[in-house]
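Enquirer: Below you'll find the structure I mean.
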Amino acid sequence: MPATPRITPNTFHAAPHAPARRALLAGALVLALPGLPGVRPARAAAPPSAIQWTLAAGYGPGVFMTDNLRQFAARLSESSQGRLQVQVQALGQPHSMADIRKATGEGAITGGQVLGSAMSAEFPVADIDSQPFLTASPQDARRLWKYQKPVLEKAFADRGLKLLYAVPWPGQGLYAVSPLNIGADLRGLRMRTYNMTTDLLAQYAGAQALNLPSGPALEQALQSGGVDLMLTSGATGVEMSAWRRFKYFYDLRAYYPKTLVFVSARAFNALDEALKNLVLQAARAAEDSGWTQSENQSRQALQTLQRNGMEVLAAPPGLKLFFDRFGERYAIDWLKQAGGSEASLVFAPYHANK
């Protein structure tokens, strides 16, 4: 397994200006190569021998990711005729997203949902979908997942986890309090960050990084006017009523980060073959439904932002160039540090089959 990639300010270097993004990634890869909302669980009483699973939600109520997880649990409890009872634990009761991986490993819960990039320290390949401007559409993101999934399944299995399915957030865009035309317009502004990608973007832009994961601190910063920029999806912006602070949303479709749903491999392997098949069938249905929900959420969210007075815009040429160059630098440095053993299994077929 490759060493965990740690991109720091010192690892950034000047990116070539001429080659197209795909050529840059392909070249870097060669160098790196080592050789239904609100559904409730069935009400029927559990049989005496029923197996109990507890899955922790990584997001709050009303978020489509949470709804999708509850649908998965209800479908599995019903299809197994109560032999496998699956309960969904609300966010923070008692586990936050940051605790779910550890709690699963310790056996406190059976599994849950975690943003893939939040697990990149343990699973570098989980961070691939958070590389900015690698994918440009939901179709691109789904094709990337086709090649990422088997590599990630093996990495999870090696650490005692069973990966069940993944659902993407809609494409990430940039919320701003003032118009943006070129990269220099971001300089000095206060930018909300929540992962390595956003941290490095703020640094690259000369913006002031404010580490504010979703929760009360971010809500307070938005209410008090303490944030000028925020890179996140249209759906998340609607959830936060972003129009209270921001006037502009640039639909960059910068990347499509996925939330991963997994359980303890020990819990999964303890099931008989019939129950295992039911779990896998329910997972496939949840993944298909989740991707459809994500696209629907994106379309509806942009309309909601506009209805609430925000301007939804494509990136002007100067701003697009700024973000393209940032994406090039990020991808090349990520590949060099992650190595090629796992990354090559994803990137090689992804770029070869465009």
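Simple scheme: letters A, B, ... for chains in structure tokens order, numbers from 1 for residues in each chain, numbers from 1 for ligands in the order shown.
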Can you tell me, as a VMD selection string, which residues in region 150-304 of chain A count as strand (DSSP E or B) by DSSP?
Expert: chain A and resid 161 to 168 172 to 176 190 to 193 208 to 211 229 to 233 248 to 250 258 to 264
Enquirer: Write a file of the selected residues as a short mmCIF file (atom, residue, chain, number, x, y, z; two decimals), in the first residue's frame, keeping C-alpha atoms.
Expert:
data_model
loop_
_atom_site.label_atom_id
_atom_site.label_comp_id
_atom_site.auth_asym_id
_atom_site.auth_seq_id
_atom_site.Cartn_x
_atom_site.Cartn_y
_atom_site.Cartn_z
CA LEU A 161 -13.81 -3.41 6.43
CA LYS A 162 -16.42 -4.33 3.82
CA LEU A 163 -17.16 -1.51 1.39
CA LEU A 164 -20.82 -1.61 0.38
CA TYR A 165 -21.54 1.39 -1.81
CA ALA A 166 -20.77 5.04 -2.53
CA VAL A 167 -22.90 8.09 -3.31
CA PRO A 168 -21.47 11.35 -4.71
CA GLN A 172 -18.62 21.45 -6.10
CA GLY A 173 -18.94 25.14 -6.87
CA LEU A 174 -17.69 28.39 -5.37
CA TYR A 175 -19.88 30.68 -3.28
CA ALA A 176 -18.71 34.29 -3.10
CA ARG A 190 -11.82 34.60 4.08
CA MET A 191 -12.39 31.11 2.70
CA ARG A 192 -14.08 28.23 4.49
CA THR A 193 -11.96 25.06 4.27
CA GLN A 208 -7.39 33.35 4.42
CA ALA A 209 -8.23 29.73 5.31
CA LEU A 210 -10.88 29.15 7.96
CA ASN A 211 -11.14 25.49 8.97
CA LEU A 229 -15.80 32.23 0.01
CA MET A 230 -17.00 28.64 0.28
CA LEU A 231 -16.32 25.71 -2.06
CA THR A 232 -19.13 23.18 -1.75
CA SER A 233 -22.10 21.80 -3.66
CA TYR A 248 -22.82 34.53 -6.30
CA PHE A 249 -22.43 30.83 -7.02
CA TYR A 250 -19.91 29.77 -9.68
CA LYS A 258 -18.21 10.50 -2.59
CA THR A 259 -19.55 9.32 0.74
CA LEU A 260 -18.63 5.69 1.43
CA VAL A 261 -20.89 3.24 3.27
CA PHE A 262 -19.12 0.30 4.87
CA VAL A 263 -19.43 -2.29 7.63
CA SER A 264 -17.08 -4.46 9.62
#
Enquirer: Find the residue from A:Gln148, A:Gln89, A:Thr104, A:Ser130 that sits nearest to Val346 (chain A); use only C-alpha atoms when measuring.
Expert: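 Of all the options, A:Gln148 lies closest to Val346 (chain A).
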Enquirer: Measure the distance from CA of Arg253 (chain A) to CA of Asp67 (chain A) in Å and round it to one decimal.
Expert: 23.4 Å
Enquirer: Counting only C-alpha atoms, which residue out of A:Gln87, A:Gln203, A:Ser79, A:Gln93 sits closest to Phe326 (chain A)?
Expert: A:Gln203
Enquirer: For Thr197 (chain A), which residue out of A:Ala242, A:Leu321, A:Met310, A:Ala118 is the nearest one, using only C-alpha atoms?
Expert: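 Among the listed residues, the smallest separation from Thr197 (chain A) belongs to A:Ala118.
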Enquirer: For each of A:Ile109, A:Ala352, A:Ala217, A:Ala184, take the minimum atom-to-atom distance to Arg266 (chain A), counting only C-alpha atoms, then give the residue where this is smallest.
Expert: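 Going through A:Ile109, A:Ala352, A:Ala217, A:Ala184 one by one, the smallest distance to Arg266 (chain A) is for A:Ile109.
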Enquirer: Write out as a ChimeraX atom specification all residues of region 78-147 of chain A that DSSP puts in alpha helix (DSSP H) for this structure's backbone.
Expert: /A:78-79,97-106,138-147
Enquirer: Closest to Gly327 (chain A) among A:Ala136, A:Asp272, A:Ser178, A:Asn195, using only C-alpha atoms?
Expert: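 Answer, going by the shortest atom-to-atom distance: A:Ala136.
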Enquirer: What separation in Å, quoted to one decimal, exists between CA of Asn181 (chain A) and CA of Pro316 (chain A)?
Expert: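 These two atoms are separated by 5.7 Å.
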Enquirer: Restricting the calculation to only C-alpha atoms: of A:Pro132, A:Glu122, A:Thr54, A:Leu144, which residue gets closest to Asn353 (chain A)?
Expert: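 Residue with the minimum atom-to-atom distance to Asn353 (chain A): A:Leu144.
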Enquirer: Could you name the residues that touch Ala155 (chain A) at 9 Å or less, counting only C-alpha atoms, but leaving out those on the same chain fewer than 5 positions away, as an NGL selection string?
Expert: :A and (1 or 123 or 125 or 150 or 161)
